[in-house]
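Undergrad: Supplied in structure tokens, the structure appears directly below.
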Amino acid sequence: MKTESLSVVLAGGGTAGHINPLLAIGAAIRDARPDARLLAVGTSTGMETRLVPAAGLELATIDRVPFPRRPSVDLLRLPGRLAGAVKQAGRILDDAGADVLVGVGGYVCTPMYVAAWRRKIPIVIHEANTRPGLANRVGARLSKHVAVAFAGTPLRNARHVGMPMRREISALVRATARENALGALGLQPDKPVLIVTGGSSGAQSINRTVAASLQDLADAGIQTLHITGRGKSVEDAAGNTLQAAGYRQREYVDGMETVYAAADLLLARAGAATVSEVAAVGVPAVFVPLPIGNGEQALNADGLVKAGGALMVADRDFTPGWVRTQLIPLLTNRARLGSMAANSENLGIRDADRLMADLVLEAVSK
């Protein structure tokens, strides 16, 4: 390994599901090697333009090169666009004097992987989903240093390390943090707490079912914090925010660790980060996987459901009737919730960021 400062380039972006693990890995590398120089690479249109600078990291950008799913004019243009992006990626690696490239997936990663491979720069990959994306499938053919969040993810040379996450979440002790979390969210300590979230963009089908179930939840003595997503507040026919006993509505909560500490049960989509965080901190959950796409959300949740830490219900089956017959009885069964919490935490991994930092240093040393 070089004795001078280590230059690490971190590639990935587009969504928080890519960016947050990238930032967690960067922080762990800096803990292990305080002399490390970190540079993040994304595109000019993704969430990384806001989240990366906010985390104190420098951001470089390259052109976004989507891979068309069917024959089109864009498919004919792909070779030229990809070649241009690979050149941009190469200049970034050269200017940074990169010792290692860490990729977490997204459009930016394929050209970065190719450029690093051509320069014989070690490549370290983290795949967040059970069903890997195209960029990381390409990258896994160019590297032996491959890590995955979920066991069984079909990538060559994969090591199961879990999902790198913010320390505020991975270090959370729910029992200790619960009282302050309830106060911060305006919830009472003596009633069951259901927290509903569809992610930062919300989930309209979940919102509709919860809105239609407010009276049933209230009659059961359940407090509901409904995080609707930005711009997706749920209103009645007169345009007023819905009202019910024990019901609170927010478009967004800054800091999911507060939500995890307060919730007796979390109702959510099954994004890779959400599933991994729920397991790490031991939150009983009901997952309603996104009904479109390649089915990866159901696969993400499958292991936790089989371990007894969560339930899963198809989007089409998540109805007010299901809330009455399944969700409310679960929320009022303290013993079952306790068992789910223990099963969840047994499966969770809290130190994936450190394991990824170790893998990066291992790749450089070789």
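Going through the structure tokens in order, the chains are called A, B, and so on, while each chain numbers its residues from 1 and the ligands are numbered from 1 in the order shown.
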Leaving out segment 226-240 of chain A and any residue of its chain fewer than 2 positions from it, which residues lie within 12 Å of it when counting only C-alpha atoms, given as a short mmCIF file (atom, residue, chain, number, x, y, z; two decimals) with all heavy atoms, in the first residue's frame?

TA:
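File written: selection_7.cif
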```
data_model
loop_
_atom_site.label_atom_id
_atom_site.label_comp_id
_atom_site.auth_asym_id
_atom_site.auth_seq_id
_atom_site.Cartn_x
_atom_site.Cartn_y
_atom_site.Cartn_z
N LEU A 185 -41.75 13.80 17.65
CA LEU A 185 -42.78 13.58 16.64
C LEU A 185 -44.19 13.89 17.14
O LEU A 185 -45.16 13.71 16.40
CB LEU A 185 -42.71 12.12 16.16
CG LEU A 185 -41.40 11.71 15.47
CD1 LEU A 185 -41.39 10.21 15.18
CD2 LEU A 185 -41.19 12.50 14.19
N LEU A 187 -45.89 12.39 19.64
CA LEU A 187 -46.64 11.17 19.91
C LEU A 187 -46.63 10.85 21.40
O LEU A 187 -45.72 11.25 22.12
CB LEU A 187 -46.03 10.01 19.13
CG LEU A 187 -46.04 10.17 17.60
CD1 LEU A 187 -45.14 9.13 16.95
CD2 LEU A 187 -47.47 10.07 17.07
N VAL A 193 -47.92 2.84 18.30
CA VAL A 193 -47.53 3.82 17.28
C VAL A 193 -47.31 3.12 15.95
O VAL A 193 -46.43 2.26 15.81
CB VAL A 193 -46.23 4.57 17.69
CG1 VAL A 193 -45.77 5.48 16.55
CG2 VAL A 193 -46.46 5.37 18.96
N LEU A 194 -48.11 3.49 14.96
CA LEU A 194 -47.92 3.06 13.58
C LEU A 194 -47.33 4.24 12.81
O LEU A 194 -47.88 5.34 12.84
CB LEU A 194 -49.26 2.66 12.94
CG LEU A 194 -49.24 2.43 11.42
CD1 LEU A 194 -48.41 1.21 11.06
CD2 LEU A 194 -50.67 2.31 10.88
N ILE A 195 -46.20 4.00 12.15
CA ILE A 195 -45.62 5.03 11.29
C ILE A 195 -45.64 4.52 9.86
O ILE A 195 -45.18 3.41 9.57
CB ILE A 195 -44.21 5.43 11.73
CG1 ILE A 195 -44.26 5.99 13.17
CG2 ILE A 195 -43.60 6.45 10.78
CD1 ILE A 195 -42.97 6.58 13.68
N VAL A 196 -46.20 5.33 8.98
CA VAL A 196 -46.39 4.99 7.58
C VAL A 196 -45.51 5.88 6.72
O VAL A 196 -45.51 7.10 6.88
CB VAL A 196 -47.86 5.19 7.16
CG1 VAL A 196 -48.06 4.80 5.69
CG2 VAL A 196 -48.80 4.41 8.06
N THR A 197 -44.73 5.28 5.83
CA THR A 197 -43.92 6.08 4.91
C THR A 197 -43.79 5.37 3.57
O THR A 197 -43.62 4.16 3.51
CB THR A 197 -42.51 6.34 5.49
OG1 THR A 197 -41.73 7.04 4.51
CG2 THR A 197 -41.80 5.05 5.87
N GLY A 198 -43.89 6.15 2.53
CA GLY A 198 -43.66 5.63 1.18
C GLY A 198 -42.36 6.12 0.62
O GLY A 198 -42.13 6.08 -0.59
N GLY A 199 -41.45 6.61 1.49
CA GLY A 199 -40.19 7.18 1.02
C GLY A 199 -40.35 8.66 0.75
O GLY A 199 -41.42 9.25 0.91
N SER A 200 -39.25 9.30 0.33
CA SER A 200 -39.26 10.76 0.16
C SER A 200 -40.26 11.21 -0.89
O SER A 200 -40.79 12.32 -0.83
CB SER A 200 -37.86 11.25 -0.22
OG SER A 200 -37.42 10.64 -1.42
N SER A 201 -40.56 10.35 -1.87
CA SER A 201 -41.51 10.71 -2.93
C SER A 201 -42.93 10.24 -2.63
O SER A 201 -43.86 10.54 -3.37
CB SER A 201 -41.05 10.16 -4.27
OG SER A 201 -40.93 8.75 -4.22
N GLY A 202 -43.11 9.48 -1.54
CA GLY A 202 -44.43 9.02 -1.15
C GLY A 202 -44.91 7.82 -1.95
O GLY A 202 -44.26 7.38 -2.90
N ALA A 203 -46.04 7.28 -1.54
CA ALA A 203 -46.65 6.13 -2.22
C ALA A 203 -48.16 6.34 -2.18
O ALA A 203 -48.80 6.14 -1.16
CB ALA A 203 -46.26 4.82 -1.53
N GLN A 204 -48.71 6.73 -3.31
CA GLN A 204 -50.11 7.15 -3.33
C GLN A 204 -51.08 6.03 -2.98
O GLN A 204 -52.09 6.26 -2.31
CB GLN A 204 -50.46 7.77 -4.69
CG GLN A 204 -49.80 9.12 -4.91
CD GLN A 204 -50.24 9.79 -6.20
OE1 GLN A 204 -50.71 9.13 -7.12
NE2 GLN A 204 -50.08 11.10 -6.26
N SER A 205 -50.80 4.80 -3.40
CA SER A 205 -51.73 3.70 -3.08
C SER A 205 -51.74 3.42 -1.58
O SER A 205 -52.80 3.16 -0.99
CB SER A 205 -51.34 2.44 -3.85
OG SER A 205 -50.03 2.01 -3.52
N ILE A 206 -50.57 3.49 -0.93
CA ILE A 206 -50.51 3.34 0.53
C ILE A 206 -51.25 4.49 1.19
O ILE A 206 -52.04 4.29 2.14
CB ILE A 206 -49.05 3.27 1.01
CG1 ILE A 206 -48.40 1.97 0.53
CG2 ILE A 206 -48.98 3.37 2.53
CD1 ILE A 206 -46.94 1.84 0.91
N ASN A 207 -51.03 5.70 0.71
CA ASN A 207 -51.70 6.87 1.29
C ASN A 207 -53.21 6.73 1.23
O ASN A 207 -53.93 7.07 2.19
CB ASN A 207 -51.27 8.14 0.56
CG ASN A 207 -49.84 8.55 0.87
OD1 ASN A 207 -49.20 7.99 1.76
ND2 ASN A 207 -49.32 9.51 0.13
N ARG A 208 -53.74 6.23 0.10
CA ARG A 208 -55.20 6.10 -0.04
C ARG A 208 -55.77 5.11 0.96
O ARG A 208 -56.80 5.36 1.60
CB ARG A 208 -55.54 5.66 -1.47
CG ARG A 208 -55.42 6.76 -2.52
CD ARG A 208 -56.10 6.34 -3.81
NE ARG A 208 -55.47 5.16 -4.39
CZ ARG A 208 -54.48 5.21 -5.29
NH1 ARG A 208 -54.00 6.38 -5.68
NH2 ARG A 208 -53.98 4.10 -5.79
N THR A 209 -55.09 3.97 1.12
CA THR A 209 -55.61 2.96 2.05
C THR A 209 -55.54 3.45 3.49
O THR A 209 -56.48 3.24 4.28
CB THR A 209 -54.82 1.65 1.89
OG1 THR A 209 -55.11 1.10 0.61
CG2 THR A 209 -55.20 0.64 2.96
N VAL A 210 -54.44 4.11 3.86
CA VAL A 210 -54.33 4.64 5.22
C VAL A 210 -55.40 5.69 5.47
O VAL A 210 -56.06 5.71 6.52
CB VAL A 210 -52.92 5.21 5.46
CG1 VAL A 210 -52.86 5.97 6.78
CG2 VAL A 210 -51.89 4.09 5.45
N ALA A 211 -55.63 6.56 4.49
CA ALA A 211 -56.66 7.60 4.64
C ALA A 211 -58.04 6.98 4.85
O ALA A 211 -58.85 7.49 5.65
CB ALA A 211 -56.67 8.50 3.40
N ALA A 212 -58.31 5.87 4.16
CA ALA A 212 -59.62 5.22 4.30
C ALA A 212 -59.72 4.40 5.58
O ALA A 212 -60.81 3.92 5.91
CB ALA A 212 -59.85 4.31 3.08
N SER A 213 -58.62 4.26 6.31
CA SER A 213 -58.60 3.41 7.51
C SER A 213 -58.46 4.20 8.80
O SER A 213 -58.32 3.60 9.88
CB SER A 213 -57.43 2.41 7.42
OG SER A 213 -57.50 1.64 6.25
N LEU A 214 -58.52 5.52 8.71
CA LEU A 214 -58.23 6.35 9.89
C LEU A 214 -59.17 6.06 11.05
O LEU A 214 -58.74 6.00 12.20
CB LEU A 214 -58.29 7.83 9.51
CG LEU A 214 -57.20 8.35 8.58
CD1 LEU A 214 -57.27 9.87 8.48
CD2 LEU A 214 -55.83 7.90 9.04
N GLN A 223 -52.08 5.29 17.49
CA GLN A 223 -51.56 6.55 16.96
C GLN A 223 -50.92 6.29 15.60
O GLN A 223 -50.17 5.32 15.44
CB GLN A 223 -50.50 7.14 17.87
CG GLN A 223 -50.95 7.45 19.27
CD GLN A 223 -49.77 7.91 20.11
OE1 GLN A 223 -49.48 9.11 20.19
NE2 GLN A 223 -49.09 6.97 20.74
N THR A 224 -51.21 7.15 14.64
CA THR A 224 -50.65 6.99 13.30
C THR A 224 -49.92 8.26 12.90
O THR A 224 -50.52 9.35 12.87
CB THR A 224 -51.75 6.70 12.27
OG1 THR A 224 -52.48 5.53 12.65
CG2 THR A 224 -51.15 6.48 10.88
N LEU A 242 -56.57 15.73 6.43
CA LEU A 242 -57.41 14.76 7.14
C LEU A 242 -57.21 14.86 8.65
O LEU A 242 -56.10 15.10 9.13
CB LEU A 242 -57.08 13.34 6.67
CG LEU A 242 -57.49 12.98 5.24
CD1 LEU A 242 -57.08 11.55 4.93
CD2 LEU A 242 -58.99 13.15 5.03
N GLN A 243 -58.28 14.63 9.38
CA GLN A 243 -58.24 14.68 10.83
C GLN A 243 -58.84 13.40 11.42
O GLN A 243 -59.83 12.89 10.92
CB GLN A 243 -59.05 15.89 11.35
CG GLN A 243 -58.58 17.24 10.85
CD GLN A 243 -57.26 17.65 11.46
OE1 GLN A 243 -56.96 17.30 12.61
NE2 GLN A 243 -56.46 18.41 10.71
N ALA A 244 -58.21 12.90 12.47
CA ALA A 244 -58.76 11.76 13.23
C ALA A 244 -58.02 11.70 14.55
O ALA A 244 -56.90 12.21 14.68
CB ALA A 244 -58.62 10.46 12.46
N GLY A 246 -55.60 10.73 17.23
CA GLY A 246 -54.31 10.06 17.20
C GLY A 246 -53.59 10.09 15.86
O GLY A 246 -52.57 9.41 15.70
N TYR A 247 -54.13 10.85 14.90
CA TYR A 247 -53.54 10.87 13.55
C TYR A 247 -52.75 12.16 13.34
O TYR A 247 -53.24 13.25 13.61
CB TYR A 247 -54.65 10.77 12.51
CG TYR A 247 -54.17 10.89 11.08
CD1 TYR A 247 -53.50 9.85 10.46
CD2 TYR A 247 -54.42 12.04 10.33
CE1 TYR A 247 -53.07 9.94 9.14
CE2 TYR A 247 -54.01 12.15 9.01
CZ TYR A 247 -53.33 11.10 8.41
OH TYR A 247 -52.91 11.21 7.11
N ARG A 248 -51.52 12.00 12.87
CA ARG A 248 -50.68 13.15 12.50
C ARG A 248 -50.13 12.92 11.11
O ARG A 248 -49.79 11.79 10.74
CB ARG A 248 -49.53 13.34 13.49
CG ARG A 248 -49.96 13.96 14.80
CD ARG A 248 -48.81 14.07 15.79
NE ARG A 248 -49.16 14.89 16.92
CZ ARG A 248 -50.00 14.54 17.90
NH1 ARG A 248 -50.56 13.36 17.87
NH2 ARG A 248 -50.26 15.38 18.89
N GLN A 249 -50.01 13.99 10.38
CA GLN A 249 -49.55 13.89 8.99
C GLN A 249 -48.37 14.85 8.76
O GLN A 249 -48.39 16.00 9.20
CB GLN A 249 -50.70 14.25 8.05
CG GLN A 249 -50.37 14.03 6.58
CD GLN A 249 -51.54 14.38 5.67
OE1 GLN A 249 -51.37 15.08 4.69
NE2 GLN A 249 -52.73 13.89 6.00
N ARG A 250 -47.34 14.32 8.12
CA ARG A 250 -46.21 15.14 7.70
C ARG A 250 -45.83 14.73 6.28
O ARG A 250 -45.98 13.56 5.91
CB ARG A 250 -44.99 14.93 8.60
CG ARG A 250 -45.14 15.45 10.02
CD ARG A 250 -43.79 15.46 10.70
NE ARG A 250 -43.86 15.85 12.10
CZ ARG A 250 -42.80 16.06 12.87
NH1 ARG A 250 -41.57 15.90 12.35
NH2 ARG A 250 -42.92 16.40 14.12
N GLU A 251 -45.31 15.67 5.53
CA GLU A 251 -44.84 15.32 4.19
C GLU A 251 -43.46 14.66 4.26
O GLU A 251 -43.13 13.84 3.39
CB GLU A 251 -44.78 16.56 3.29
CG GLU A 251 -46.16 17.09 2.91
CD GLU A 251 -46.09 18.12 1.80
OE1 GLU A 251 -44.99 18.37 1.28
OE2 GLU A 251 -47.16 18.65 1.43
N TYR A 252 -42.67 15.00 5.26
CA TYR A 252 -41.29 14.52 5.31
C TYR A 252 -40.79 14.58 6.74
O TYR A 252 -41.19 15.46 7.50
CB TYR A 252 -40.41 15.40 4.41
CG TYR A 252 -38.96 14.98 4.32
CD1 TYR A 252 -38.59 13.86 3.57
CD2 TYR A 252 -37.97 15.69 4.99
CE1 TYR A 252 -37.27 13.47 3.48
CE2 TYR A 252 -36.64 15.30 4.90
CZ TYR A 252 -36.29 14.20 4.15
OH TYR A 252 -34.98 13.81 4.07
N VAL A 253 -39.95 13.64 7.12
CA VAL A 253 -39.27 13.66 8.42
C VAL A 253 -37.77 13.61 8.15
O VAL A 253 -37.29 12.72 7.45
CB VAL A 253 -39.70 12.49 9.32
CG1 VAL A 253 -38.81 12.40 10.55
CG2 VAL A 253 -41.16 12.62 9.73
N ASP A 254 -37.06 14.56 8.70
CA ASP A 254 -35.61 14.63 8.50
C ASP A 254 -34.93 13.78 9.57
O ASP A 254 -34.84 14.17 10.72
CB ASP A 254 -35.14 16.09 8.58
CG ASP A 254 -33.68 16.24 8.21
OD1 ASP A 254 -33.13 15.31 7.59
OD2 ASP A 254 -33.08 17.28 8.55
N MET A 256 -34.47 9.45 9.68
CA MET A 256 -35.29 8.27 9.89
C MET A 256 -34.99 7.57 11.20
O MET A 256 -35.80 6.77 11.68
CB MET A 256 -35.11 7.30 8.72
CG MET A 256 -35.82 7.72 7.44
SD MET A 256 -37.62 7.84 7.65
CE MET A 256 -38.07 6.12 7.83
N VAL A 259 -37.83 8.13 13.46
CA VAL A 259 -38.97 7.29 13.11
C VAL A 259 -38.78 5.87 13.63
O VAL A 259 -39.69 5.29 14.24
CB VAL A 259 -39.16 7.28 11.58
CG1 VAL A 259 -40.15 6.20 11.15
CG2 VAL A 259 -39.64 8.65 11.10
N ALA A 263 -41.40 4.05 16.36
CA ALA A 263 -42.41 3.16 15.80
C ALA A 263 -42.53 1.84 16.56
O ALA A 263 -41.53 1.17 16.83
CB ALA A 263 -42.08 2.87 14.34
N LEU A 266 -43.63 -0.27 11.56
CA LEU A 266 -43.39 0.57 10.39
C LEU A 266 -44.10 -0.05 9.19
O LEU A 266 -43.96 -1.24 8.92
CB LEU A 266 -41.90 0.69 10.10
CG LEU A 266 -41.52 1.62 8.94
CD1 LEU A 266 -41.61 3.08 9.38
CD2 LEU A 266 -40.12 1.32 8.42
N LEU A 267 -44.85 0.77 8.47
CA LEU A 267 -45.50 0.36 7.23
C LEU A 267 -44.82 1.12 6.10
O LEU A 267 -44.83 2.35 6.08
CB LEU A 267 -46.99 0.68 7.28
CG LEU A 267 -47.79 0.49 5.99
CD1 LEU A 267 -47.85 -0.98 5.59
CD2 LEU A 267 -49.20 1.06 6.15
N ALA A 268 -44.22 0.39 5.13
CA ALA A 268 -43.38 1.06 4.15
C ALA A 268 -43.25 0.24 2.88
O ALA A 268 -43.59 -0.95 2.84
CB ALA A 268 -41.98 1.30 4.74
#
```

Undergrad: Within segment 45-190 of chain A, find each residue whose DSSP state, derived from the backbone, is helix (DSSP H, G or I), and express the selection as a ChimeraX atom specification.

TA: /A:48-54,73-96,109-118,134-139,167-170,174-185

Undergrad: Taking a cut-off of 12 Å and counting only C-alpha atoms, can you build a table that, for each residue of segment 171-196 of chain A near segment 342-346 of chain A, reports the nearest atom pair and how far apart they are in Å (one decimal), sorted by chain then residue number, as JSON lines?

TA:
```
{"residue": "A:Leu172", "atom": "CA", "partner": "A:Glu345", "partner_atom": "CA", "distance": 11.6}
{"residue": "A:Val173", "atom": "CA", "partner": "A:Glu345", "partner_atom": "CA", "distance": 11.0}
{"residue": "A:Arg174", "atom": "CA", "partner": "A:Glu345", "partner_atom": "CA", "distance": 11.1}
```

Undergrad: Give the answer as one residue: which of A:Thr319, A:Ser170, A:Thr176, A:Thr332 has the shortest atom-to-atom distance to Ala352 of chain A, using only C-alpha atoms?

TA: A:Ser170

Undergrad: Quick one: of A:Pro164, A:Gly12, A:Gly309, A:Gly139, who's nearest to Val52 of chain A, counting only C-alpha atoms?

TA: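 Checking each of A:Pro164, A:Gly12, A:Gly309, A:Gly139 against Val52 of chain A, counting only C-alpha atoms, the winner is A:Gly12.
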
Undergrad: Tell me which of A:His18, A:Arg269, A:Arg350, A:Arg33 sits closest to Val313 of chain A, counting only C-alpha atoms.

TA: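 For Val313 of chain A, the nearest of the given residues is A:Arg269.
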
Undergrad: Of the candidates A:Leu182, A:Leu51, A:Leu57, A:Ala116, which shows the shortest atom-to-atom distance to Arg30 of chain A, using only C-alpha atoms?

TA: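 Checking each of A:Leu182, A:Leu51, A:Leu57, A:Ala116 against Arg30 of chain A, counting only C-alpha atoms, the winner is A:Leu57.
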
Undergrad: Would you mind telling me which residue in A:Gly26, A:Pro329, A:Gly106, A:Gly97 lies nearest to Gly14 of chain A when using only C-alpha atoms?

TA: A:Gly106

Undergrad: Would you list the contacts of Asp358 of chain A as a PyMOL selection string, taking every protein, DNA or RNA residue within 12 Å and counting only C-alpha atoms, but skipping same-chain residues closer than 5 positions in sequence?

TA: chain A and resi 25-26+28-33+124+145+147+161+351-353+363-365

Undergrad: Give me, as a PDB file with all heavy atoms, in the first residue's frame, all polymer residues having an atom no more than 9 Å from Ala158 of chain A, counting only C-alpha atoms and skipping those fewer than 4 positions away in the same chain.

TA:
```pdb
ATOM      1  N   ALA A 140     -18.823  -6.235 -11.870  1.00  0.00           N
ATOM      2  CA  ALA A 140     -18.423  -7.474 -11.205  1.00  0.00           C
ATOM      3  C   ALA A 140     -17.582  -8.367 -12.107  1.00  0.00           C
ATOM      4  O   ALA A 140     -16.880  -9.256 -11.616  1.00  0.00           O
ATOM      5  CB  ALA A 140     -19.660  -8.230 -10.724  1.00  0.00           C
ATOM      6  N   LYS A 144     -12.617  -8.468  -8.427  1.00  0.00           N
ATOM      7  CA  LYS A 144     -12.844  -9.546  -7.468  1.00  0.00           C
ATOM      8  C   LYS A 144     -13.293  -9.003  -6.112  1.00  0.00           C
ATOM      9  O   LYS A 144     -13.519  -9.770  -5.184  1.00  0.00           O
ATOM     10  CB  LYS A 144     -11.563 -10.358  -7.297  1.00  0.00           C
ATOM     11  CG  LYS A 144     -11.157 -11.131  -8.547  1.00  0.00           C
ATOM     12  CD  LYS A 144      -9.914 -11.967  -8.301  1.00  0.00           C
ATOM     13  CE  LYS A 144      -9.531 -12.751  -9.562  1.00  0.00           C
ATOM     14  NZ  LYS A 144      -8.297 -13.568  -9.351  1.00  0.00           N
ATOM     15  N   HIS A 145     -13.421  -7.686  -6.022  1.00  0.00           N
ATOM     16  CA  HIS A 145     -13.763  -7.048  -4.747  1.00  0.00           C
ATOM     17  C   HIS A 145     -15.213  -6.577  -4.811  1.00  0.00           C
ATOM     18  O   HIS A 145     -15.501  -5.412  -5.088  1.00  0.00           O
ATOM     19  CB  HIS A 145     -12.809  -5.892  -4.457  1.00  0.00           C
ATOM     20  CG  HIS A 145     -11.371  -6.286  -4.522  1.00  0.00           C
ATOM     21  ND1 HIS A 145     -10.764  -7.057  -3.554  1.00  0.00           N
ATOM     22  CD2 HIS A 145     -10.421  -6.047  -5.456  1.00  0.00           C
ATOM     23  CE1 HIS A 145      -9.500  -7.259  -3.874  1.00  0.00           C
ATOM     24  NE2 HIS A 145      -9.272  -6.657  -5.023  1.00  0.00           N
ATOM     25  N   VAL A 146     -16.137  -7.509  -4.586  1.00  0.00           N
ATOM     26  CA  VAL A 146     -17.564  -7.261  -4.770  1.00  0.00           C
ATOM     27  C   VAL A 146     -18.290  -7.564  -3.462  1.00  0.00           C
ATOM     28  O   VAL A 146     -18.110  -8.629  -2.871  1.00  0.00           O
ATOM     29  CB  VAL A 146     -18.129  -8.144  -5.903  1.00  0.00           C
ATOM     30  CG1 VAL A 146     -19.623  -7.898  -6.083  1.00  0.00           C
ATOM     31  CG2 VAL A 146     -17.369  -7.892  -7.210  1.00  0.00           C
ATOM     32  N   ALA A 147     -19.120  -6.623  -3.015  1.00  0.00           N
ATOM     33  CA  ALA A 147     -19.877  -6.787  -1.774  1.00  0.00           C
ATOM     34  C   ALA A 147     -21.358  -6.581  -2.058  1.00  0.00           C
ATOM     35  O   ALA A 147     -21.728  -5.820  -2.958  1.00  0.00           O
ATOM     36  CB  ALA A 147     -19.401  -5.787  -0.724  1.00  0.00           C
ATOM     37  N   VAL A 148     -22.202  -7.256  -1.272  1.00  0.00           N
ATOM     38  CA  VAL A 148     -23.645  -7.163  -1.475  1.00  0.00           C
ATOM     39  C   VAL A 148     -24.346  -6.930  -0.144  1.00  0.00           C
ATOM     40  O   VAL A 148     -23.862  -7.328   0.914  1.00  0.00           O
ATOM     41  CB  VAL A 148     -24.196  -8.437  -2.154  1.00  0.00           C
ATOM     42  CG1 VAL A 148     -23.634  -8.581  -3.567  1.00  0.00           C
ATOM     43  CG2 VAL A 148     -23.901  -9.684  -1.337  1.00  0.00           C
ATOM     44  N   ALA A 151     -27.702 -11.484   1.230  1.00  0.00           N
ATOM     45  CA  ALA A 151     -27.139 -12.794   0.910  1.00  0.00           C
ATOM     46  C   ALA A 151     -27.875 -13.378  -0.289  1.00  0.00           C
ATOM     47  O   ALA A 151     -29.090 -13.249  -0.407  1.00  0.00           O
ATOM     48  CB  ALA A 151     -27.256 -13.727   2.113  1.00  0.00           C
ATOM     49  N   GLY A 152     -27.128 -14.014  -1.174  1.00  0.00           N
ATOM     50  CA  GLY A 152     -27.751 -14.644  -2.331  1.00  0.00           C
ATOM     51  C   GLY A 152     -27.839 -13.764  -3.555  1.00  0.00           C
ATOM     52  O   GLY A 152     -28.303 -14.209  -4.603  1.00  0.00           O
ATOM     53  N   THR A 153     -27.419 -12.504  -3.460  1.00  0.00           N
ATOM     54  CA  THR A 153     -27.414 -11.641  -4.644  1.00  0.00           C
ATOM     55  C   THR A 153     -26.473 -12.248  -5.685  1.00  0.00           C
ATOM     56  O   THR A 153     -25.306 -12.509  -5.393  1.00  0.00           O
ATOM     57  CB  THR A 153     -26.946 -10.223  -4.277  1.00  0.00           C
ATOM     58  OG1 THR A 153     -27.862  -9.674  -3.324  1.00  0.00           O
ATOM     59  CG2 THR A 153     -26.906  -9.317  -5.501  1.00  0.00           C
ATOM     60  N   PRO A 154     -26.955 -12.461  -6.919  1.00  0.00           N
ATOM     61  CA  PRO A 154     -26.165 -13.205  -7.907  1.00  0.00           C
ATOM     62  C   PRO A 154     -25.110 -12.353  -8.619  1.00  0.00           C
ATOM     63  O   PRO A 154     -25.289 -11.951  -9.763  1.00  0.00           O
ATOM     64  CB  PRO A 154     -27.233 -13.705  -8.890  1.00  0.00           C
ATOM     65  CG  PRO A 154     -28.305 -12.667  -8.840  1.00  0.00           C
ATOM     66  CD  PRO A 154     -28.316 -12.159  -7.417  1.00  0.00           C
TER      67      PRO A 154
END
```

Undergrad: Would you mind writing down, as an NGL selection string, each residue of segment 78-259 of chain A that DSSP on the backbone assigns to strand (DSSP E or B)?

TA: :A and (100-103 or 123-127 or 145-148 or 158-160 or 193-197 or 223-227 or 235 or 241 or 247-250)

Undergrad: Measuring atom to atom with only C-alpha atoms, identify which of A:Gln188, A:Thr274, A:Ser143, A:Gln326 is nearest to Val100 of chain A.

TA: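 Of the candidates, the smallest distance to Val100 of chain A is held by A:Ser143.
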
Undergrad: Mind giving me the straight-line distance from atom CA of Ala280 of chain A to atom CA of Glu179 of chain A in Å, one decimal?

TA: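 Separation of atom CA of Ala280 of chain A and atom CA of Glu179 of chain A: 19.7 Å.
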
Undergrad: Report the distance between atom CA of Ala149 of chain A and atom CA of Gly90 of chain A in Å, rounded to one decimal place.

TA: 28.1 Å
